[in-house]
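First the structure, in the form of structure tokens, and then the observations on it.
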Number of protein chains: 6
Amino acid sequence: MRRVRAVLVAIPLLLGCLRGQDQPAEAGRLEDLRGKTVLVFTPHPDDDVFGAGGTIALLNRNHNKVFIVIYTNDDKGSYDPEMNSQRLAGIRKAEEEVSEGLLGTAKENIRWMGYDDGMLEYAPQPKLTEEATAIIRRIRPDVLLSVDPGEWYERWHKTDHRMAAFNTIDAVRAAEFWLYFPNQRLQQGLEPYRVPLMYFFYPSPQEANYWVDIDSVMDLKIEAALKQVSQFEPAVNKYRADWAPDDLARATAMMKHEQPRKDGHYVEAFRRATGFNQY
Amino acid sequence: MRRVRAVLVAIPLLLGCLRGQDQPAEAGRLEDLRGKTVLVFTPHPDDDVFGAGGTIALLNRNHNKVFIVIYTNDDKGSYDPEMNSQRLAGIRKAEEEVSEGLLGTAKENIRWMGYDDGMLEYAPQPKLTEEATAIIRRIRPDVLLSVDPGEWYERWHKTDHRMAAFNTIDAVRAAEFWLYFPNQRLQQGLEPYRVPLMYFFYPSPQEANYWVDIDSVMDLKIEAALKQVSQFEPAVNKYRADWAPDDLARATAMMKHEQPRKDGHYVEAFRRATGFNQY
Amino acid sequence: MRRVRAVLVAIPLLLGCLRGQDQPAEAGRLEDLRGKTVLVFTPHPDDDVFGAGGTIALLNRNHNKVFIVIYTNDDKGSYDPEMNSQRLAGIRKAEEEVSEGLLGTAKENIRWMGYDDGMLEYAPQPKLTEEATAIIRRIRPDVLLSVDPGEWYERWHKTDHRMAAFNTIDAVRAAEFWLYFPNQRLQQGLEPYRVPLMYFFYPSPQEANYWVDIDSVMDLKIEAALKQVSQFEPAVNKYRADWAPDDLARATAMMKHEQPRKDGHYVEAFRRATGFNQY
Amino acid sequence: MRRVRAVLVAIPLLLGCLRGQDQPAEAGRLEDLRGKTVLVFTPHPDDDVFGAGGTIALLNRNHNKVFIVIYTNDDKGSYDPEMNSQRLAGIRKAEEEVSEGLLGTAKENIRWMGYDDGMLEYAPQPKLTEEATAIIRRIRPDVLLSVDPGEWYERWHKTDHRMAAFNTIDAVRAAEFWLYFPNQRLQQGLEPYRVPLMYFFYPSPQEANYWVDIDSVMDLKIEAALKQVSQFEPAVNKYRADWAPDDLARATAMMKHEQPRKDGHYVEAFRRATGFNQY
Amino acid sequence: MRRVRAVLVAIPLLLGCLRGQDQPAEAGRLEDLRGKTVLVFTPHPDDDVFGAGGTIALLNRNHNKVFIVIYTNDDKGSYDPEMNSQRLAGIRKAEEEVSEGLLGTAKENIRWMGYDDGMLEYAPQPKLTEEATAIIRRIRPDVLLSVDPGEWYERWHKTDHRMAAFNTIDAVRAAEFWLYFPNQRLQQGLEPYRVPLMYFFYPSPQEANYWVDIDSVMDLKIEAALKQVSQFEPAVNKYRADWAPDDLARATAMMKHEQPRKDGHYVEAFRRATGFNQY
Amino acid sequence: MRRVRAVLVAIPLLLGCLRGQDQPAEAGRLEDLRGKTVLVFTPHPDDDVFGAGGTIALLNRNHNKVFIVIYTNDDKGSYDPEMNSQRLAGIRKAEEEVSEGLLGTAKENIRWMGYDDGMLEYAPQPKLTEEATAIIRRIRPDVLLSVDPGEWYERWHKTDHRMAAFNTIDAVRAAEFWLYFPNQRLQQGLEPYRVPLMYFFYPSPQEANYWVDIDSVMDLKIEAALKQVSQFEPAVNKYRADWAPDDLARATAMMKHEQPRKDGHYVEAFRRATGFNQY
């Protein structure tokens with residue numbers, strides 16, 4: 001283990017009295033960043049939108065450069081007995097591009113890692129970490145967003161969420177030290193890189209420590225989310241590419257109703273971590 | 001990820017204020033079910049009895065059809081230096097059949113998945129999930145019981161318990177969507193199936209949210225459990241097939257003493273989950 | 001599952017009311033042991049010192065026989081672009097031997113399992129468990145120390161820490177039953193062995209239940225830790241084998257500042273477990 | 001290694017002068033068998049027909065009971081850009097059933113092992129062997145046909161053919177000894193079984209040592225083979241379920257032209273092996 | 001299996017009388033190609049030069065576009081006790097670029113797959129095939145050169161050579177059918193591709209069926225090969241970047257002496273295969 | 001690839017005209033060696049005796065130090081339905097020790113690698129190679145004997161024989177270069193080592209190129225082989241520890257009859273290889 005980490009981690013590890021209660025002041029607010037590079041890892045093409053879509057919209061508005069990396073192709077989640085995996089993967093890709101496009105992310109900033117839905121746990125290890133490490137070393141983000149791996153315990157029981165959460169964090173660690181996957185430096189010219197700031201979406205309620213007010217982009221977020229038609233009823237049962245007006249109204253209302261609120265505002269919740277010390 | 005799930009999960013995920021405190025009223029009590037199909041997954045041939053034996057007895061009494069699926073053959077857990085794995089597996093199988101028989105489960109409703117004790121973590125993945133998925137799609141249970149995978153964090157550190165817990169839940173998810181393991185539909189005629197109701201035994205104390213009063217079957221549960229002679233002293237140290245009266249009395253008293261009580265009744269604790277939203 | 005375990009585990013599992021609050025009286029204090037065999041498993045060559053170095057020093061002073069087993073060679077954790085893995089592994093080995101030597105552990109009692117840094121998760125399973133099992137069966141410790149696997153949930157998201165934590169506990173379980181890895185008995189003459197007492201370092205704050213007062217060895221612990229020069233700034237950035245006086249003073253002060261205190265004393269925190277029932 | 005095998009294998013192993021030249025007289029001719037159980041393992045649903053379809057037709061005519069076990073679902077071998085894997089698997093299954101039906105094999109005697117096309121090499125090992133072993137122990141064939149694993153060297157470079165060839169032979173060996181996969185005996189009642197006679201289709205030319213005259217069923221074999229429309233031009237390029245008369249005539253002529261002849265007769269070539277000694 | 005293949009393979013498979021004896025006339029000579037795309041897969045950075053360097057020089061002279069894909073980084077093959085893997089990988093990369101540069105291949109046409117020396121057998125499967133398939137679908141070569149997988153039997157016992165040989169051929173097969181790795185089409189726009197012509201270097205002597213006269217580039221080939229200084233004595237024992245004149249003269253003579261000759265000419269031997277039928 | 005190897009291999013690779021026909025004169029006869037260290041790798045505890053027992057007896061007589069390394073414990077090869085794996089492994093170990101003892105090999109020179117019978121293919125790779133490499137680097141043999149991996153093609157289809165053959169050769173290669181498994185040098189003090197001479201038993205008939213006259217130890221070899229009672233009829237069917245006189249006479253005659261002869265002498269056949277060039 002790296003001592004630099006052990007030192008920093010010692011007090012929270014043993015006493016656990018300093019973490020999470022307060023919003024860290026020194027780093028500035030995530031939603032106020034400008035001109036930065038933001039890298040979002042998401043298990044499926046929609047977790048980014050559901051978990052952090054409002055925040056992504058705000059970051060794009062503020063002229064940050066947002067990259068979306070999607071682990072899986074989401075090619076199994078349909079109840080339609082006539083659907084097939086090749087077609088569903090195509091539908092999901094198109095939906096995600098429209099969805100993120102509404103949030104301001106350019107299509108060429110979306111990267112697909114190409115794993116099959118529900119099978120990320122069985123992707124070859126540590127190859128998967130090596131691939132995510134290369135992405136981090138290439139994009140060199142100022143801020144990284146990912147699905148929460150948990151702070152003191154392992155979050156998520158077994159699915160793509162868990163593997164995506166752990167793998168991204170493993171890649172953050174590996175990216176710092178060039179002796180992890182040293183061929184990347186030699187053969188691809190990728191230098192090591194330390195991610196300075198991380199926000200994890202989908203935190204467990206007891207560990208959320210950071211909330212972004214998304215009032216100003218709430219309608220946009222819902223509109224973006226609902227572009228993923230195939231994941232909602234009725235299209236999830238029998239595919240159709242568009243919404244019937246009634247269904248759309250119902251889904252919109254449901255999404256609005258379910259979006260968390262805090263102090264009277266729509267919010268997205270995160271677990272904020274900096275450096276090595278809090279993950 | 002499936003949107004239908006994301007929508008349902010949104011509030012508990014982010015606010016965490018709605019789960020667990022109250023017994024859900026709408027579904028009725030587990031122990032009052034009649035004429036239903038109940039599927040129990042258990043890591044070893046005894047966890048079903050220790051964790052949910054009283055409940056299983058009640059379910060059988062109520063003319064439900066109970067199936068027991070056992071992941072491992074339990075062929076290593078003896079301190080007897082003269083024991084061998086082939087013999088122990090045979091002993092364990094016979095004991096479990098007697099034990100479940102006392103609880104009312106027919107021998108032909110017990111299915112052995114055939115993995116070796118302590119080695120379930122190393123069973124090939126996702127083949128193990130595929131096998132459990134086929135079982136669910138074939139039996140199509142109204143209620144599923146399994147060892148608890150944890151709600152917000154991963155329960156169990158590494159052993160058969162963990163793999164059994166996670167694998168069963170993975171199989172529940174996979175069973176819904178026919179594009180998981182599509183050969184099962186084509187070649188075996190197995191249609192997708194959504195499990196409506198789940199109860200997890202062996203919950204962590206802080207997450208137990210459902211208790212079944214087993215006063216009326218307490219003696220039966222103990223009798224059934226004690227049929228697994230090889231797992232108790234003195235037979236675990238030096239195998240013998242039957243009980244000396246003294247040992248039996250002592251073991252009976254210990255089991256009675258250790259069975260949890262709540263509000264003056266013997267109970268079995270569960271974490272109750274419905275649909276996608278709470279696991 | 002072994003019934004003897006199920007019986008013992010039943011009440012804490014279901015009611016959770018008995019664990020951790022009180023220091024167990026019957027076993028005596030860890031730091032008062034004399035003439036015993038102590039086996040420490042550590043993920044990297046420094047976690048033993050950071051997590052339990054003071055306790056190790058006290059145990060050595062009390063004429064216990066302390067063995068250190070190190071899973072990985074720590075060959076990647078340097079920011080120095082001129083470093084290479086073969087050299088770093090050599091540096092780390094030498095540093096650890098000096099470090100543990102100061103705490104009183106003989107070099108011949110340090111065993112290296114030989115896995116590469118950051119890659120323990122990918123070590124072949126269950127071979128890794130088999131190797132740790134053989135070590136336990138050979139050394140037959142009165143007390144075992146290891147990194148905490150968590151009590152109710154899985155501690156650590158994915159890294160060497162997690163695998164080391166889980167694998168050691170798996171090996172403790174396997175070591176008891178000779179039918180796990182039976183070739184060890186036949187071919188190497190290794191008889192099964194039950195570990196009577198376990199203390200886990202690096203517990204989560206909410207689960208620490210045992211604290212060792214290390215006031216009397218605090219300076220020694222710091223001196224030992226700082227022998228691992230390569231893991232501290234500035235050597236972690238640009239390797240040098242020794243300390244500049246200024247850097248040494250600064251690191252010493254930082255370590256002193258960060259060492260947890262309890263009731264006015266420097267302490268090391270543990271989660272204490274006995275037998276099968278609490279892990 | 002089993003000595004019984006070593007003894008028998010010694011001379012051919014070391015001198016190699018006795019094998020293959022002559023047709024073994026003592027066992028009778030394969031095509032003359034009556035009332036026997038014949039088990040055919042095939043990598044894909046068509047290798048059985050192309051490699052041994054004439055022989056299968058003769059065996060069925062002679063009132064033997066023929067079982068076909070198919071490793072893969074053949075869901076990738078189409079050039080049609082509109083095809084998808086779920087659909088192709090369905091087409092292939094239907095074609096194979098028609099094809100084997102013409103040869104006299106009942107649909108219920110065809111078993112699909114369910115692996116994906118081109119991915120058999122990556123099927124979990126030794127699980128795949130365990131599954132084939134169970135099939136052999138259940139069906140207990142008098143004669144086994146399979147794709148040739150090679151006699152002195154490993155035939156086939158990497159594909160489904162290689163894995164199917166080796167896995168079947170591994171399963172033949174395992175099936176003899178009950179201590180391979182002993183749970184099959186305990187839990188499924190499957191007793192060990194020795195396969196007395198084996199014929200391997202698709203041998204290398206230099207190792208073929210047995211030829212079956214298929215003159216009397218040549219037209220039937222071609223008709224059966226051509227039922228697998230999707231594997232021929234033009235349907236392999238753009239799927240259609242039936243033949244245009246011209247295409248059918250051309251394919252028929254090509255198949256007739258390519259079927260090997262020996263001494264003026266259409267033949268199917270095999271490598272014949274008995275017991276342990278020649279594979 | 002694809003029928004189109006089965007039909008073509010039938011006669012050589014069963015009679016084996018048509019292959020290899022004659023140089024196929026219809027395709028033209030490899031060394032006469034002009035303006036084509038040639039893709040060379042090589043296990044290590046030097047097998048391309050030793051096995052086919054003269055041919056590569058001729059192809060470059062004829063204005064073909066030659067791409068070199070190198071599976072491993074060759075980071076272990078030194079007897080120098082002061083060497084380390086990171087440094088050796090850098091040396092090998094530079095040497096290969098100089099070596100291929102002399103043969104006329106541009107540095108930007110050399111692609112490193114990034115696997116560690118001697119460990120290609122343990123690269124994750126079928127990920128390795130997926131990566132090679134993507135390369136073939138992207139480059140779309142008119143001719144592919146690779147290390148020989150063997151015709152009737154598996155060539156090479158276990159090393160990087162074997163895996164490179166089999167994996168390349170597997171990728172050639174997969175590249176044809178878009179349902180292998182369908183995400184490549186969807187996410188990367190890679191269409192399926194059939195490789196029309198293949199030549200395998202390092203054939204077994206009994207299977208070589210094609211020889212390229214390299215008289216005109218013999219000196220160039222030797223000069224290029226000797227740029228890989230680290231692989232020859234004395235640098236393989238104690239690294240130095242350049243040649244002492246005596247050593248260079250000796251190595252040059254040895255290489256000349258060892259280069260195969262046929263009919264009075266220096267030649268490179270291949271096994272020529274076309275389409276599916278001969279591999 | 002190492003150039004030193006490529007150069008040596010070039011001519012036999014391409015012309016194939018120099019190998020095998022003649023007994024190499026320069027190295028002396030294997031059976032005449034004195035005072036050397038000989039390392040024998042064998043898949044099961046009997047292949048050493050059947051394949052090279054006479055040669056081992058001669059080597060021991062000549063005061064060479066012979067080490068036997070046995071990959072598997074041979075715990076499955078019995079037809080006795082009352083046998084179990086733990087007992088059979090014990091029987092096989094005792095038999096092998098008696099058997100090798102008769103040939104002159106001391107019990108403490110026999111090392112068991114501890115893998116289960118029939119499962120060596122599934123042993124973790126490259127861990128298995130790492131273990132064999134450590135053995136070679138520790139024993140540093142003048143001559144190595146092993147089961148033949150084949151010269152131009154891969155010998156053996158899938159079983160313990162194949163894995164043992166390939167793994168040993170892989171370990172020979174790895175042992176030369178310290179950058180393979182470099183932790184062995186750092187942590188265990190194991191320096192790299194080049195095996196100068198190799199003889200492979202169980203060659204294919206067409207590749208045997210070396211025969212040892214064992215007339216003088218023929219009776220001893222048979223006596224030693226027959227100590228492995230459990231592998232012969234009738235004990236393989238129903239275990240008994242000793243021979244009935246009739247059975248013993250019959251087995252002795254059979255073994256004598258089957259032992260290969262050449263030029264009127266009993267011989268053991270090998271494929272002799274030196275350095276890198278012939279394996």
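By order in the structure tokens, chains are A, B, ...; within a chain, residues start at 1; ligands start at 1, following the order shown.
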DSSP-assigned helix (DSSP H, G or I) among segment 83-181 of chain A, expressed as a PyMOL selection string: chain A and resi 85-102+107-109+120-122+127-139+160-176
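Chain E and chain D, identical in sequence, superpose over all their Cα atoms with an RMSD of 0.0 Å.
What separates atom CA of Ala57 of chain A from atom CA of Gly264 of chain A is a distance of 20.1 Å.
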Give me the chain A side of the contact with chain E, cut-off 9 Å, one line per residue showing its nearest atom pair and distance in Å at one decimal, counting only C-alpha atoms, sorted by chain and residue number, as CSV.
residue,atom,partner,partner_atom,distance
A:Asn73,CA,E:Asn183,CA,7.9
A:Gln86,CA,E:Pro182,CA,7.1
A:Ala89,CA,E:Leu186,CA,7.9
A:Gly90,CA,E:Leu186,CA,6.6
A:Lys93,CA,E:Gln187,CA,8.2
A:Arg111,CA,E:Gln187,CA,8.5
A:Trp112,CA,E:Gln187,CA,6.6
A:Met113,CA,E:Gln187,CA,8.8
A:Gly114,CA,E:Asn183,CA,6.0
A:Tyr115,CA,E:Asn183,CA,8.1
A:Asp116,CA,E:Asn183,CA,8.6
A:Ala123,CA,E:Lys127,CA,8.8
A:Pro124,CA,E:Pro124,CA,5.9
A:Gln125,CA,E:Pro124,CA,8.0
A:Lys127,CA,E:Pro124,CA,7.6
A:Leu179,CA,E:Gln86,CA,8.5
A:Pro182,CA,E:Gln86,CA,7.1
A:Asn183,CA,E:Gly114,CA,6.0
A:Gln184,CA,E:Gly114,CA,7.7
A:Leu186,CA,E:Gly90,CA,6.6
A:Gln187,CA,E:Trp112,CA,6.6
A:Gln188,CA,E:Trp112,CA,8.7
For Phe270 of chain A, work out the shell of residues within 8 Å, counting only C-alpha atoms and skipping chain neighbours fewer than 4 positions away, then give it as a ChimeraX atom specification. /A:199-203,208-211
Using the selection just defined, write its residues with all heavy atoms as a tab-separated table (two decimals), in the first residue's frame.
chain	number	residue	atom	x	y	z
A	199	TYR	N	-17.23	12.38	-7.61
A	199	TYR	CA	-18.58	12.38	-7.08
A	199	TYR	C	-19.25	11.08	-7.52
A	199	TYR	O	-19.25	10.76	-8.70
A	199	TYR	CB	-19.37	13.57	-7.61
A	199	TYR	CG	-18.85	14.91	-7.14
A	199	TYR	CD1	-17.77	15.51	-7.76
A	199	TYR	CD2	-19.45	15.56	-6.05
A	199	TYR	CE1	-17.28	16.73	-7.32
A	199	TYR	CE2	-18.97	16.79	-5.61
A	199	TYR	CZ	-17.87	17.37	-6.25
A	199	TYR	OH	-17.40	18.57	-5.80
A	200	PHE	N	-19.84	10.39	-6.54
A	200	PHE	CA	-20.47	9.11	-6.86
A	200	PHE	C	-21.99	9.25	-6.83
A	200	PHE	O	-22.55	9.65	-5.80
A	200	PHE	CB	-20.04	8.05	-5.84
A	200	PHE	CG	-18.56	7.82	-5.84
A	200	PHE	CD1	-17.79	8.10	-4.72
A	200	PHE	CD2	-17.91	7.33	-6.97
A	200	PHE	CE1	-16.42	7.90	-4.72
A	200	PHE	CE2	-16.54	7.12	-6.98
A	200	PHE	CZ	-15.79	7.41	-5.85
A	201	PHE	N	-22.64	8.89	-7.90
A	201	PHE	CA	-24.11	8.92	-7.90
A	201	PHE	C	-24.65	7.57	-7.44
A	201	PHE	O	-23.90	6.64	-7.25
A	201	PHE	CB	-24.68	9.33	-9.26
A	201	PHE	CG	-24.24	8.53	-10.44
A	201	PHE	CD1	-24.94	7.40	-10.84
A	201	PHE	CD2	-23.14	8.93	-11.19
A	201	PHE	CE1	-24.54	6.66	-11.95
A	201	PHE	CE2	-22.74	8.20	-12.30
A	201	PHE	CZ	-23.45	7.06	-12.68
A	202	TYR	N	-25.97	7.51	-7.22
A	202	TYR	CA	-26.60	6.33	-6.63
A	202	TYR	C	-25.96	5.98	-5.28
A	202	TYR	O	-25.65	4.80	-5.03
A	202	TYR	CB	-26.50	5.12	-7.55
A	202	TYR	CG	-27.35	5.10	-8.79
A	202	TYR	CD1	-27.12	4.15	-9.80
A	202	TYR	CD2	-28.40	5.99	-9.00
A	202	TYR	CE1	-27.90	4.09	-10.95
A	202	TYR	CE2	-29.18	5.93	-10.16
A	202	TYR	CZ	-28.92	4.98	-11.12
A	202	TYR	OH	-29.68	4.92	-12.26
A	203	PRO	N	-25.70	6.94	-4.38
A	203	PRO	CA	-25.15	6.55	-3.08
A	203	PRO	C	-26.23	5.87	-2.24
A	203	PRO	O	-27.42	6.03	-2.52
A	203	PRO	CB	-24.74	7.88	-2.46
A	203	PRO	CG	-25.73	8.85	-3.02
A	203	PRO	CD	-26.00	8.37	-4.43
A	208	ALA	N	-24.98	9.56	1.39
A	208	ALA	CA	-25.04	10.74	0.52
A	208	ALA	C	-24.54	11.94	1.32
A	208	ALA	O	-24.90	12.14	2.47
A	208	ALA	CB	-26.47	10.97	0.04
A	209	ASN	N	-23.65	12.73	0.70
A	209	ASN	CA	-23.12	13.89	1.43
A	209	ASN	C	-23.04	15.14	0.57
A	209	ASN	O	-22.40	16.12	0.94
A	209	ASN	CB	-21.75	13.54	2.03
A	209	ASN	CG	-20.71	13.28	0.93
A	209	ASN	OD1	-21.00	13.40	-0.27
A	209	ASN	ND2	-19.51	12.92	1.35
A	210	TYR	N	-23.67	15.10	-0.57
A	210	TYR	CA	-23.57	16.25	-1.48
A	210	TYR	C	-24.80	16.25	-2.38
A	210	TYR	O	-25.14	15.22	-2.96
A	210	TYR	CB	-22.29	16.11	-2.33
A	210	TYR	CG	-21.91	17.35	-3.09
A	210	TYR	CD1	-21.02	18.27	-2.56
A	210	TYR	CD2	-22.44	17.58	-4.35
A	210	TYR	CE1	-20.67	19.42	-3.27
A	210	TYR	CE2	-22.11	18.72	-5.06
A	210	TYR	CZ	-21.21	19.63	-4.52
A	210	TYR	OH	-20.87	20.77	-5.22
A	211	TRP	N	-25.46	17.40	-2.47
A	211	TRP	CA	-26.68	17.49	-3.27
A	211	TRP	C	-26.59	18.63	-4.25
A	211	TRP	O	-26.22	19.76	-3.86
A	211	TRP	CB	-27.90	17.67	-2.38
A	211	TRP	CG	-28.16	16.47	-1.52
A	211	TRP	CD1	-28.99	15.43	-1.79
A	211	TRP	CD2	-27.57	16.18	-0.25
A	211	TRP	NE1	-28.95	14.49	-0.77
A	211	TRP	CE2	-28.09	14.93	0.19
A	211	TRP	CE3	-26.63	16.83	0.58
A	211	TRP	CZ2	-27.71	14.34	1.40
A	211	TRP	CZ3	-26.26	16.24	1.78
A	211	TRP	CH2	-26.80	15.00	2.18
